[in-house]
>>> print(open('my_file.pdb').read())   # PDB, C-alpha atoms
ATOM      1  CA  MET L 108      59.549  91.797 152.711
ATOM      2  CA  THR L 109      61.778  94.634 153.874
ATOM      3  CA  SER L 110      65.000  95.494 152.159
ATOM      4  CA  SER L 111      68.024  95.998 154.330
ATOM      5  CA  VAL L 112      69.608  99.278 153.373
ATOM      6  CA  LEU L 113      72.613 100.539 155.253
ATOM      7  CA  THR L 114      72.372 104.270 155.848
ATOM      8  CA  VAL L 115      75.494 106.165 156.790
ATOM      9  CA  ALA L 116      75.359 109.085 159.207
ATOM     10  CA  PRO L 117      75.940 112.414 157.417
ATOM     11  CA  ASN L 118      79.244 113.128 159.194
ATOM     12  CA  ARG L 119      80.854 109.725 158.650
ATOM     13  CA  HIS L 120      83.507 108.853 156.097
ATOM     14  CA  LEU L 121      84.328 112.460 155.282
ATOM     15  CA  THR L 122      87.299 113.715 153.343
ATOM     16  CA  LEU L 123      89.736 115.945 155.210
ATOM     17  CA  ARG L 124      88.603 118.909 153.086
ATOM     18  CA  THR L 125      84.908 118.289 153.848
ATOM     19  CA  LEU L 126      85.645 117.877 157.558
ATOM     20  CA  THR L 127      87.586 121.154 157.599
ATOM     21  CA  GLU L 128      84.788 122.991 155.753
ATOM     22  CA  ARG L 129      82.142 121.704 158.183
ATOM     23  CA  LEU L 130      84.249 122.678 161.182
ATOM     24  CA  ARG L 131      84.786 126.174 159.752
ATOM     25  CA  ARG L 132      81.038 126.638 159.176
ATOM     26  CA  GLN L 133      80.354 125.390 162.694
ATOM     27  CA  ARG L 134      82.917 127.825 164.127
ATOM     28  CA  GLU L 135      80.969 130.724 162.592
ATOM     29  CA  GLN L 136      77.863 129.657 164.549
ATOM     30  CA  GLU L 137      79.354 128.556 167.861
ATOM     31  CA  PHE L 138      79.934 130.567 170.978
ATOM     32  CA  ASP L 139      80.395 129.891 174.655
ATOM     33  CA  VAL L 140      78.699 131.506 177.640
ATOM     34  CA  ILE L 141      79.510 131.216 181.320
ATOM     35  CA  ALA L 142      76.255 131.628 183.207
ATOM     36  CA  SER L 143      75.228 131.151 186.808
ATOM     37  CA  ALA L 144      72.483 128.613 187.443
ATOM     38  CA  ASP L 145      70.103 131.238 188.840
ATOM     39  CA  THR L 146      70.110 133.128 185.508
ATOM     40  CA  LEU L 147      69.110 130.049 183.477
ATOM     41  CA  HIS L 148      65.668 128.538 183.076
ATOM     42  CA  CYS L 149      63.736 126.227 180.778
ATOM     43  CA  VAL L 150      60.661 127.228 178.791
ATOM     44  CA  ASP L 151      58.884 124.739 176.501
ATOM     45  CA  GLY L 152      61.884 122.409 176.639
ATOM     46  CA  GLY L 153      64.409 125.062 175.605
ATOM     47  CA  LEU L 154      67.087 126.723 177.709
ATOM     48  CA  VAL L 155      66.619 130.489 178.101
ATOM     49  CA  ILE L 156      69.950 132.286 178.539
ATOM     50  CA  PRO L 157      70.186 136.036 179.136
ATOM     51  CA  ARG L 158      72.768 138.287 177.463
ATOM     52  CA  THR L 159      73.474 135.988 174.507
ATOM     53  CA  VAL L 160      71.880 137.856 171.602
ATOM     54  CA  PRO L 161      73.205 141.147 170.200
ATOM     55  CA  VAL L 162      70.362 143.676 169.996
ATOM     56  CA  PRO L 163      71.052 146.957 168.174
ATOM     57  CA  GLY L 164      69.556 150.012 169.845
ATOM     58  CA  PRO L 165      69.749 153.787 169.626
ATOM     59  CA  ASP L 166      72.697 153.879 172.047
ATOM     60  CA  GLY L 167      74.633 150.974 170.524
ATOM     61  CA  VAL L 168      74.424 147.232 170.857
ATOM     62  CA  ASP L 169      73.000 145.616 173.977
ATOM     63  CA  MET L 170      72.700 141.921 174.752
ATOM     64  CA  GLY L 171      69.281 140.263 174.820
ATOM     65  CA  THR L 172      67.924 136.856 175.779
ATOM     66  CA  GLY L 173      68.177 133.770 173.578
ATOM     67  CA  ILE L 174      66.296 130.475 173.588
ATOM     68  CA  TYR L 175      68.309 127.367 172.784
ATOM     69  CA  GLY L 176      67.059 123.868 172.034
ATOM     70  CA  LEU L 177      68.181 120.860 174.054
ATOM     71  CA  ASP L 178      69.340 117.752 172.234
ATOM     72  CA  ASP L 179      70.527 114.502 173.771
ATOM     73  CA  ILE L 180      74.039 115.805 174.480
ATOM     74  CA  ALA L 181      72.699 118.945 176.174
ATOM     75  CA  LEU L 182      70.255 116.883 178.245
ATOM     76  CA  ALA L 183      73.129 114.614 179.317
ATOM     77  CA  GLY L 184      75.077 117.676 180.509
ATOM     78  CA  ILE L 185      72.092 119.088 182.378
ATOM     79  CA  GLY L 186      71.363 115.692 183.913
ATOM     80  CA  ALA L 187      74.971 115.304 185.061
ATOM     81  CA  LYS L 188      75.168 118.800 186.546
ATOM     82  CA  LEU L 189      71.771 118.741 188.276
ATOM     83  CA  ASP L 190      71.770 115.028 189.160
ATOM     84  CA  ILE L 191      68.618 114.295 187.155
ATOM     85  CA  PRO L 192      68.587 110.824 185.551
ATOM     86  CA  LEU L 193      69.168 111.075 181.804
ATOM     87  CA  PRO L 194      66.495 108.511 180.807
ATOM     88  CA  TYR L 195      63.939 110.609 182.710
ATOM     89  CA  LEU L 196      65.063 113.794 180.907
ATOM     90  CA  ARG L 197      64.930 112.021 177.541
ATOM     91  CA  ARG L 198      61.423 110.791 178.255
ATOM     92  CA  MET L 199      60.161 114.247 179.268
ATOM     93  CA  ALA L 200      61.798 115.806 176.181
ATOM     94  CA  GLY L 201      60.196 113.182 173.944
ATOM     95  CA  LEU L 202      63.527 112.024 172.496
ATOM     96  CA  ARG L 203      62.705 108.331 172.855
ATOM     97  CA  GLU L 204      59.011 108.456 172.046
ATOM     98  CA  PRO L 205      57.592 111.829 170.948
ATOM     99  CA  ALA L 206      54.156 110.874 172.290
ATOM    100  CA  ASP L 207      55.678 110.690 175.805
ATOM    101  CA  ALA L 208      56.942 114.288 175.721
ATOM    102  CA  ASN L 209      55.986 116.366 178.720
ATOM    103  CA  LEU L 210      57.802 119.682 178.311
ATOM    104  CA  ARG L 211      55.993 121.328 181.245
ATOM    105  CA  LEU L 212      57.366 118.609 183.530
ATOM    106  CA  LEU L 213      60.835 118.957 181.968
ATOM    107  CA  ASP L 214      60.734 122.721 182.576
ATOM    108  CA  ALA L 215      59.550 122.262 186.181
ATOM    109  CA  ASN L 216      62.258 119.697 186.991
ATOM    110  CA  VAL L 217      65.161 121.603 185.448
ATOM    111  CA  ASN L 218      64.003 124.997 186.779
ATOM    112  CA  SER L 219      63.496 123.656 190.288
ATOM    113  CA  TRP L 220      67.049 122.281 190.460
ATOM    114  CA  LEU L 221      68.590 125.351 188.787
ATOM    115  CA  GLU L 222      66.991 127.605 191.425
ATOM    116  CA  ARG L 223      68.707 125.590 194.180
ATOM    117  CA  ASP L 224      72.138 125.622 192.523
ATOM    118  CA  ASP L 225      74.783 128.302 193.106
ATOM    119  CA  ARG L 226      77.321 127.113 190.518
ATOM    120  CA  ARG L 227      78.263 128.614 187.198
ATOM    121  CA  PHE L 228      78.284 126.583 183.992
ATOM    122  CA  LEU L 229      79.990 126.784 180.638
ATOM    123  CA  ILE L 230      77.205 126.591 178.057
ATOM    124  CA  ARG L 231      78.439 125.813 174.550
ATOM    125  CA  LEU L 232      75.964 127.075 171.945
ATOM    126  CA  LEU L 233      75.307 127.045 168.219
ATOM    127  CA  ARG L 234      73.329 130.014 166.888
ATOM    128  CA  ASP L 235      70.830 129.503 164.102
ATOM    129  CA  GLN L 236      71.928 131.465 161.033
ATOM    130  CA  PRO L 237      68.679 133.217 160.129
ATOM    131  CA  SER L 238      67.609 133.785 163.732
ATOM    132  CA  PRO L 239      70.432 134.696 166.157
ATOM    133  CA  ASP L 240      68.086 134.577 169.176
ATOM    134  CA  HIS L 241      67.572 130.823 168.696
ATOM    135  CA  GLY L 242      69.947 127.905 168.426
ATOM    136  CA  THR L 243      71.047 124.705 170.093
ATOM    137  CA  VAL L 244      72.893 123.935 173.297
ATOM    138  CA  ARG L 245      75.963 121.891 172.331
ATOM    139  CA  ALA L 246      77.031 121.087 175.882
ATOM    140  CA  VAL L 247      76.579 122.036 179.535
ATOM    141  CA  LEU L 248      79.922 121.815 181.324
ATOM    142  CA  SER L 249      81.841 123.045 184.333
ATOM    143  CA  ASP L 250      82.870 126.693 184.086
ATOM    144  CA  ARG L 251      86.481 125.464 184.443
ATOM    145  CA  TYR L 252      86.274 123.220 181.393
ATOM    146  CA  LEU L 253      89.161 123.711 178.960
ATOM    147  CA  ARG L 254      87.629 125.159 175.804
ATOM    148  CA  LEU L 255      89.123 123.394 172.807
ATOM    149  CA  ASN L 256      87.510 123.262 169.411
ATOM    150  CA  HIS L 257      87.820 120.471 166.882
ATOM    151  CA  LEU L 258      89.242 122.791 164.228
ATOM    152  CA  ASP L 259      92.046 123.964 166.540
ATOM    153  CA  VAL L 260      92.930 120.373 167.465
ATOM    154  CA  LEU L 261      92.887 119.296 163.805
ATOM    155  CA  PHE L 262      95.189 122.139 162.735
ATOM    156  CA  ALA L 263      97.570 121.457 165.637
ATOM    157  CA  ALA L 264      97.754 117.765 164.691
ATOM    158  CA  LEU L 265      98.350 118.569 161.019
ATOM    159  CA  ASP L 266     101.039 121.082 161.971
ATOM    160  CA  GLY L 267     102.728 118.495 164.209
ATOM    161  CA  ILE L 268     102.710 115.981 161.368
ATOM    162  CA  ARG L 269     104.157 118.595 159.001
ATOM    163  CA  GLN L 270     106.910 119.483 161.470
ATOM    164  CA  ALA L 271     107.764 115.798 161.942
ATOM    165  CA  GLY L 272     108.367 115.557 158.197
ATOM    166  CA  VAL L 273     106.538 112.271 157.900
ATOM    167  CA  ALA L 274     104.349 111.458 154.923
ATOM    168  CA  VAL L 275     100.835 110.477 155.991
ATOM    169  CA  GLN L 276      97.582 109.506 154.384
ATOM    170  CA  VAL L 277      94.219 110.329 155.886
ATOM    171  CA  ALA L 278      92.546 106.966 156.362
ATOM    172  CA  SER L 279      89.238 108.221 157.755
ATOM    173  CA  CYS L 280      87.457 111.288 159.162
ATOM    174  CA  ASP L 281      84.289 111.134 161.241
ATOM    175  CA  LEU L 282      82.486 113.819 163.207
ATOM    176  CA  THR L 283      79.876 113.260 165.904
ATOM    177  CA  GLY L 284      78.159 115.640 168.292
ATOM    178  CA  ARG L 285      80.715 114.695 170.940
ATOM    179  CA  ARG L 286      83.919 113.807 169.109
ATOM    180  CA  MET L 287      86.035 114.157 166.003
ATOM    181  CA  TYR L 288      87.921 111.141 164.702
ATOM    182  CA  VAL L 289      90.742 111.482 162.180
ATOM    183  CA  ARG L 290      92.925 108.458 161.480
ATOM    184  CA  PHE L 291      96.280 108.997 159.814
ATOM    185  CA  VAL L 292      98.377 106.208 158.288
ATOM    186  CA  SER L 293     102.086 106.576 157.633
ATOM    187  CA  PRO L 294     103.790 103.885 155.568
ATOM    188  CA  GLN L 295     107.148 105.365 156.684
ATOM    189  CA  VAL L 296     106.453 104.621 160.322
ATOM    190  CA  GLN L 297     105.856 100.921 160.770
ATOM    191  CA  VAL L 298     106.503  98.597 163.671
ATOM    192  CA  MET L 299     106.443  94.850 163.382
ATOM    193  CA  ALA L 300     104.393  93.450 166.237
ATOM    194  CA  PRO L 301     104.109  89.651 166.013
TER     195      PRO L 301
END
>>> encode(input="my_file.pdb", output="structure tokens")
Amino acid sequence: MTSSVLTVAPNRHLTLRTLTERLRRQREQEFDVIASADTLHCVDGGLVIPRTVPVPGPDGVDMGTGIYGLDDIALAGIGAKLDIPLPYLRRMAGLREPADANLRLLDANVNSWLERDDRRFLIRLLRDQPSPDHGTVRAVLSDRYLRLNHLDVLFAALDGIRQAGVAVQVASCDLTGRRMYVRFVSPQVQVMAP
């Protein structure tokens, strides 16, 4: 007999303070790079991006190459940009069934299409704290994508509420890899809708 236990994702049902703290920690790790397709390539299922890692040298700081892991969101961005079906990318990366992983095939597919592409992409990254030459790709987007961060949007919304002079309660805060959800309730602002 199995017991049914409901597990809650770690970024669900947060307090506003906890959400703000997580977004501030994330901001310390995140950075964006605009890179042309011909400078990018995959090795062992990770995206290799030049000029993303500060490397101190005798003449100052230069920029070295970093290797960034691909999660489901990053694979979706790569699939959309290179017109590679996402289920196929997931299968090669072993996200659905780890035994099905074929990273050499993933590398060959992504590299082959990157070599034929002349566009530039906005790559949103998270650096690992102990190792700045490794991290995770948060998203692969158009180089014209408007760069907004959750923390900036949250502070703008809170400032707008403050300026409106309306009392609100935070009903819920959730954070996913793609979106931030914050629901405010104001007893002062009510509309009767039969």
>>> resolve_selection(input="my_file.pdb", expression="the PyMOL selection byres ((chain L and resi 195) around 12)", output="ChimeraX atom specification")
/L:179,182-183,185-186,190-194,196-204,207-210,212-213,216-217
>>> resolve_selection(input="my_file.pdb", expression="the PyMOL selection byres ((chain L and resi 223-233) around 9)", output="ChimeraX atom specification")
/L:133-145,175,188-189,218-222,234-235,241-252
>>> closest_residue(input="my_file.pdb", among="L:Val168, L:Ala274, L:Val289, L:Leu282", to="Phe262 (chain L)", atoms="all atoms listed in the file")
L:Val289
>>> residues_around(input="my_file.pdb", residues="region 276-278 of chain L", least_positions_apart="2", cutoff="8 Å", atoms="only C-alpha atoms", output="PyMOL selection string")
chain L and resi 123+274+280+289-293
>>> write_last_selection(input="my_file.pdb", atoms="C-alpha atoms", output="compact mmCIF listing (two decimals), keeping the file's coordinate frame")
# COMPACT_ATOMS: atom_id res chain seq x y z
CA LEU L 123 89.74 115.94 155.21
CA ALA L 274 104.35 111.46 154.92
CA CYS L 280 87.46 111.29 159.16
CA VAL L 289 90.74 111.48 162.18
CA ARG L 290 92.92 108.46 161.48
CA PHE L 291 96.28 109.00 159.81
CA VAL L 292 98.38 106.21 158.29
CA SER L 293 102.09 106.58 157.63
>>> residues_around(input="my_file.pdb", residues="Met170 (chain L)", least_positions_apart="6", cutoff="7 Å", atoms="only C-alpha atoms", output="list in words")
Arg158, Thr159, Val160, Pro161 and Val162 of chain L
>>> atom_distance(input="my_file.pdb", atom1="CA of Asp281 (chain L)", atom2="CA of Val296 (chain L)")
23.1 Å
>>> resolve_selection(input="my_file.pdb", expression="the PyMOL selection byres ((chain L and resi 124) around 12)", output="list in words")
His120, Leu121, Thr122, Leu123, Thr125, Leu126, Thr127, Glu128, Arg129, Leu130, Arg131, Leu258, Leu261, Val277, Ser279, Cys280 and Val289 of chain L
>>> closest_residue(input="my_file.pdb", among="L:Leu147, L:Ala271, L:Ile180, L:Ile174", to="Thr283 (chain L)", atoms="only C-alpha atoms")
L:Ile180
>>> build_atoms(input="my_file.pdb", residues="region 258-274 of chain L", atoms="N, CA and C atoms", output="PDB file, keeping the file's coordinate frame")
ATOM      1  N   LEU L 258      88.422 122.205 165.286  1.00  0.00           N
ATOM      2  CA  LEU L 258      89.242 122.791 164.228  1.00  0.00           C
ATOM      3  C   LEU L 258      90.641 123.122 164.742  1.00  0.00           C
ATOM      4  N   ASP L 259      90.739 123.655 165.957  1.00  0.00           N
ATOM      5  CA  ASP L 259      92.046 123.964 166.540  1.00  0.00           C
ATOM      6  C   ASP L 259      92.871 122.692 166.747  1.00  0.00           C
ATOM      7  N   VAL L 260      92.236 121.643 167.240  1.00  0.00           N
ATOM      8  CA  VAL L 260      92.930 120.373 167.465  1.00  0.00           C
ATOM      9  C   VAL L 260      93.385 119.782 166.140  1.00  0.00           C
ATOM     10  N   LEU L 261      92.534 119.829 165.122  1.00  0.00           N
ATOM     11  CA  LEU L 261      92.887 119.296 163.805  1.00  0.00           C
ATOM     12  C   LEU L 261      94.086 120.030 163.229  1.00  0.00           C
ATOM     13  N   PHE L 262      94.072 121.365 163.281  1.00  0.00           N
ATOM     14  CA  PHE L 262      95.189 122.139 162.735  1.00  0.00           C
ATOM     15  C   PHE L 262      96.470 121.893 163.521  1.00  0.00           C
ATOM     16  N   ALA L 263      96.377 121.740 164.825  1.00  0.00           N
ATOM     17  CA  ALA L 263      97.570 121.457 165.637  1.00  0.00           C
ATOM     18  C   ALA L 263      98.153 120.085 165.268  1.00  0.00           C
ATOM     19  N   ALA L 264      97.276 119.097 165.073  1.00  0.00           N
ATOM     20  CA  ALA L 264      97.754 117.765 164.691  1.00  0.00           C
ATOM     21  C   ALA L 264      98.404 117.793 163.310  1.00  0.00           C
ATOM     22  N   LEU L 265      97.779 118.474 162.362  1.00  0.00           N
ATOM     23  CA  LEU L 265      98.350 118.569 161.019  1.00  0.00           C
ATOM     24  C   LEU L 265      99.684 119.308 161.033  1.00  0.00           C
ATOM     25  N   ASP L 266      99.787 120.351 161.853  1.00  0.00           N
ATOM     26  CA  ASP L 266     101.039 121.082 161.971  1.00  0.00           C
ATOM     27  C   ASP L 266     102.132 120.200 162.589  1.00  0.00           C
ATOM     28  N   GLY L 267     101.767 119.415 163.605  1.00  0.00           N
ATOM     29  CA  GLY L 267     102.728 118.495 164.209  1.00  0.00           C
ATOM     30  C   GLY L 267     103.226 117.459 163.220  1.00  0.00           C
ATOM     31  N   ILE L 268     102.322 116.954 162.400  1.00  0.00           N
ATOM     32  CA  ILE L 268     102.710 115.981 161.368  1.00  0.00           C
ATOM     33  C   ILE L 268     103.636 116.641 160.355  1.00  0.00           C
ATOM     34  N   ARG L 269     103.315 117.872 159.962  1.00  0.00           N
ATOM     35  CA  ARG L 269     104.157 118.595 159.001  1.00  0.00           C
ATOM     36  C   ARG L 269     105.548 118.818 159.566  1.00  0.00           C
ATOM     37  N   GLN L 270     105.612 119.234 160.841  1.00  0.00           N
ATOM     38  CA  GLN L 270     106.910 119.483 161.470  1.00  0.00           C
ATOM     39  C   GLN L 270     107.723 118.207 161.634  1.00  0.00           C
ATOM     40  N   ALA L 271     107.060 117.076 161.807  1.00  0.00           N
ATOM     41  CA  ALA L 271     107.764 115.798 161.942  1.00  0.00           C
ATOM     42  C   ALA L 271     108.357 115.344 160.614  1.00  0.00           C
ATOM     43  N   GLY L 272     107.842 115.899 159.511  1.00  0.00           N
ATOM     44  CA  GLY L 272     108.367 115.557 158.197  1.00  0.00           C
ATOM     45  C   GLY L 272     108.043 114.140 157.760  1.00  0.00           C
ATOM     46  N   VAL L 273     106.954 113.627 158.224  1.00  0.00           N
ATOM     47  CA  VAL L 273     106.538 112.271 157.900  1.00  0.00           C
ATOM     48  C   VAL L 273     105.378 112.335 156.920  1.00  0.00           C
ATOM     49  N   ALA L 274     105.450 111.517 155.886  1.00  0.00           N
ATOM     50  CA  ALA L 274     104.349 111.458 154.923  1.00  0.00           C
ATOM     51  C   ALA L 274     103.210 110.644 155.524  1.00  0.00           C
TER      52      ALA L 274
END
